[in-house]
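Engineer: Before anything else, here's the structure in question.
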Amino acid sequence: MSKRITPLIIGNWKMNGTLLESMQNIKKLRSKIHNSLIGCQIIICPPFTLLRDFAEKVPNTGIKLGGQNCHHASEGSFTGEISANMLKNMTCEYVILGHSERRANCNENSELIAKKAKNAYNSGLTAIICVGETLQEKENDLTNVVVREQIINSLPDVAKSSNTVIAYEPVWAIGSGKIPTFEEIEETHKLIQDVIKSERPDFGEEITVIYGGSVDENNSSNILAIPGVDGLLVGRASLDVDKFWQIIESCDKN
Ligand code: PGA
């Protein structure tokens with residue numbers, strides 16, 4: 001089945017990559033892209049320390065850049081933080097917000113994520129807002145309740161389908177090698193569309209909903225083929241250019 005939109009393939013590098021190895025990786029990715037026709041939009045979200053160098057290397061390559069987080073204020077006395085404007089200044093077009101690692105380790109709740117998203121929009125960034133249930137919530141049959149709550153509270157009033165991507169990332173699937181059944185992924189992606197349609201009739205066209213959590217070069221093609229999956233958020237497998245490239249190529253099979 002052909003896709004509604006060009007799929008997004010997003011590499012979330014997390015806290016990985018020194019300058020030298022990362023520049024070699026981006027060079028390798030650029031040369032693979034140069035020799036191919038690709039059927040997706042590639043977005044790399046490296047650590048902040050690499051953005052300046054990547055900003056010089058990626059224009060006109062087909063790769064777009066994103067940050068992994070931003071602050072909810074536009075500037076000021078926030079030691080150690082990065083603003084949406086700073087990301088924009090480094091040519092980022094996207095920012096990941098509400099990743100479960102930040103929800104869990106930095107106590108970020110949906111209300112804070114909505115504030116960050118508002119700031120991201122003010123700087124002209126598209127917010128990639130992550131939602132997903134923990135294993136305990138899944139086992140207690142709470143996936144729909146949790147995802148619904150996160151969607152309703154993490155999207156600020158000014159969110160639209162043109163400035164927002166939702167990443168469904170079951171917490172228990174991240175880095176574990178386990179993924180939900182394809183039926184479960186389809187159902188949750190449909191739930192996300194339904195919640196937005198009923199709660200936010202002003203939202204505009206269908207929102208882009210991507211899947212993340214243990215995506216690799218072996219399962220990417222099948223996950224992309226699931227109705228309602230508009231792309232992939234890839235962690236570990238995005239750090240290996242050859243594996244990431246196979247994931248990018250799997251877009252052509254759908
Ligand atoms: P993973 O991470 O692909 O390593 O499971 C995905 C993510 O955390 O975005």
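By order of appearance in the structure tokens: chains A, B, ..., then residues from 1 within every chain, and ligands from 1 in the order shown.
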With only C-alpha atoms and all ligand atoms counted, collect every polymer residue having an atom within 10 Å of ligand 1; state the result as number ranges by chain.
Structural biologist: A: 10-14, 68, 96, 99-101, 130, 167-179, 211-216, 232-239
Engineer: Where in stretch 27-135 of chain A does DSSP assign alpha helix (DSSP H), given as a ChimeraX atom specification?
Structural biologist: /A:27-34,48-57,84-89,100-105,110-122,135
Engineer: Would you save the residues of that selection, restricted to C-alpha atoms, as a PDB file, in the first residue's frame?
Structural biologist:
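Result written to result_0.pdb:
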ATOM      1  CA  LYS A  27      30.146  11.643   5.273  1.00  0.00           C
ATOM      2  CA  LYS A  28      29.411   7.958   4.641  1.00  0.00           C
ATOM      3  CA  LEU A  29      25.658   8.586   4.813  1.00  0.00           C
ATOM      4  CA  ARG A  30      25.944  11.552   2.441  1.00  0.00           C
ATOM      5  CA  SER A  31      27.788   9.487  -0.143  1.00  0.00           C
ATOM      6  CA  LYS A  32      25.171   6.713   0.030  1.00  0.00           C
ATOM      7  CA  ILE A  33      22.409   9.285  -0.480  1.00  0.00           C
ATOM      8  CA  HIS A  34      24.331  10.879  -3.328  1.00  0.00           C
ATOM      9  CA  PHE A  48      23.964  19.352  20.621  1.00  0.00           C
ATOM     10  CA  THR A  49      27.771  19.334  20.432  1.00  0.00           C
ATOM     11  CA  LEU A  50      27.689  18.080  16.839  1.00  0.00           C
ATOM     12  CA  LEU A  51      25.065  20.426  15.441  1.00  0.00           C
ATOM     13  CA  ARG A  52      27.447  23.206  14.455  1.00  0.00           C
ATOM     14  CA  ASP A  53      29.598  20.885  12.344  1.00  0.00           C
ATOM     15  CA  PHE A  54      26.629  19.005  10.912  1.00  0.00           C
ATOM     16  CA  ALA A  55      24.985  22.298   9.936  1.00  0.00           C
ATOM     17  CA  GLU A  56      27.864  22.848   7.531  1.00  0.00           C
ATOM     18  CA  LYS A  57      27.795  19.340   6.117  1.00  0.00           C
ATOM     19  CA  ALA A  84      14.576  26.307  20.416  1.00  0.00           C
ATOM     20  CA  ASN A  85      16.049  29.433  18.849  1.00  0.00           C
ATOM     21  CA  MET A  86      19.564  28.054  19.299  1.00  0.00           C
ATOM     22  CA  LEU A  87      18.505  24.876  17.495  1.00  0.00           C
ATOM     23  CA  LYS A  88      16.984  26.925  14.700  1.00  0.00           C
ATOM     24  CA  ASN A  89      20.216  28.897  14.507  1.00  0.00           C
ATOM     25  CA  SER A 100      10.446   8.648  27.563  1.00  0.00           C
ATOM     26  CA  GLU A 101      14.067   8.830  28.750  1.00  0.00           C
ATOM     27  CA  ARG A 102      13.459  12.499  29.582  1.00  0.00           C
ATOM     28  CA  ARG A 103       9.976  11.861  30.984  1.00  0.00           C
ATOM     29  CA  ALA A 104      11.502   9.229  33.308  1.00  0.00           C
ATOM     30  CA  ASN A 105      14.983  10.592  34.084  1.00  0.00           C
ATOM     31  CA  SER A 110       3.093  16.351  29.574  1.00  0.00           C
ATOM     32  CA  GLU A 111       2.374  19.934  30.728  1.00  0.00           C
ATOM     33  CA  LEU A 112       6.084  20.824  30.522  1.00  0.00           C
ATOM     34  CA  ILE A 113       6.330  19.186  27.116  1.00  0.00           C
ATOM     35  CA  ALA A 114       3.423  21.329  25.886  1.00  0.00           C
ATOM     36  CA  LYS A 115       5.296  24.462  27.032  1.00  0.00           C
ATOM     37  CA  LYS A 116       8.445  23.317  25.243  1.00  0.00           C
ATOM     38  CA  ALA A 117       6.453  22.599  22.094  1.00  0.00           C
ATOM     39  CA  LYS A 118       5.010  26.111  22.174  1.00  0.00           C
ATOM     40  CA  ASN A 119       8.496  27.537  22.288  1.00  0.00           C
ATOM     41  CA  ALA A 120       9.624  25.241  19.494  1.00  0.00           C
ATOM     42  CA  TYR A 121       6.781  26.487  17.267  1.00  0.00           C
ATOM     43  CA  ASN A 122       7.681  30.101  18.050  1.00  0.00           C
ATOM     44  CA  LEU A 135       5.469  -2.304  30.515  1.00  0.00           C
TER      45      LEU A 135
END
Engineer: Skip A:Val146 itself and residues of its chain fewer than 2 positions away, then list as a PyMOL selection string all residues within 9 Å of it, counting only C-alpha atoms.
Structural biologist: chain A and resi 131-133+137+142-144+148-151
Engineer: Restrict the selected residues to N, CA and C atoms and save them as an mmCIF file, in the first residue's frame.
Structural biologist:
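Below is the file that was written, result.cif:
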data_model
loop_
_atom_site.group_PDB
_atom_site.id
_atom_site.type_symbol
_atom_site.label_atom_id
_atom_site.label_comp_id
_atom_site.auth_asym_id
_atom_site.auth_seq_id
_atom_site.Cartn_x
_atom_site.Cartn_y
_atom_site.Cartn_z
ATOM 1 N N VAL A 131 5.147 9.740 22.791
ATOM 2 C CA VAL A 131 4.183 9.192 23.756
ATOM 3 C C VAL A 131 4.358 7.681 23.793
ATOM 4 N N GLY A 132 3.934 7.059 24.873
ATOM 5 C CA GLY A 132 4.009 5.597 24.931
ATOM 6 C C GLY A 132 3.900 5.097 26.353
ATOM 7 N N GLU A 133 3.456 3.863 26.463
ATOM 8 C CA GLU A 133 3.183 3.272 27.780
ATOM 9 C C GLU A 133 4.381 2.481 28.296
ATOM 10 N N GLU A 137 2.146 -0.441 32.584
ATOM 11 C CA GLU A 137 0.883 0.116 32.071
ATOM 12 C C GLU A 137 0.296 -0.810 31.004
ATOM 13 N N LEU A 142 -3.481 -0.467 30.159
ATOM 14 C CA LEU A 142 -3.668 0.986 30.254
ATOM 15 C C LEU A 142 -3.081 1.744 29.060
ATOM 16 N N THR A 143 -2.646 1.012 28.029
ATOM 17 C CA THR A 143 -1.986 1.692 26.903
ATOM 18 C C THR A 143 -2.844 2.836 26.358
ATOM 19 N N ASN A 144 -4.111 2.559 26.093
ATOM 20 C CA ASN A 144 -4.964 3.593 25.492
ATOM 21 C C ASN A 144 -5.160 4.787 26.419
ATOM 22 N N ARG A 148 -3.643 8.396 25.420
ATOM 23 C CA ARG A 148 -4.659 9.442 25.291
ATOM 24 C C ARG A 148 -4.327 10.647 26.184
ATOM 25 N N GLU A 149 -3.961 10.353 27.444
ATOM 26 C CA GLU A 149 -3.620 11.436 28.393
ATOM 27 C C GLU A 149 -2.407 12.201 27.884
ATOM 28 N N GLN A 150 -1.411 11.480 27.394
ATOM 29 C CA GLN A 150 -0.184 12.151 26.940
ATOM 30 C C GLN A 150 -0.460 13.023 25.712
ATOM 31 N N ILE A 151 -1.305 12.521 24.816
ATOM 32 C CA ILE A 151 -1.624 13.309 23.610
ATOM 33 C C ILE A 151 -2.372 14.585 24.021
#
Engineer: Could you tell me how far atom CA of A:Val195 lies from atom CA of A:Ser220, in Å and to one decimal?
Structural biologist: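 Spanning atom CA of A:Val195 to atom CA of A:Ser220 is a straight-line distance of 25.8 Å.
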Engineer: Using only C-alpha atoms, which of the listed residues (A:Gly231, A:Gly204, A:Gly76, A:Gly17) sits closest to A:Ile43?
Structural biologist: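 Answer, going by the shortest atom-to-atom distance: A:Gly231.
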Engineer: How many Å lie between atom CA of A:Pro180 and atom CA of A:Pro156, rounded to one decimal?
Structural biologist: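 One can read the atom CA of A:Pro180 to atom CA of A:Pro156 distance as 28.3 Å.
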Engineer: Select, from A:Val147, A:Val229, A:Ile38, A:Met23, the residue with the minimum atom-to-atom distance to A:Ser250, counting only C-alpha atoms.
Structural biologist: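 Distance minimum relative to A:Ser250 lands on A:Ile38.
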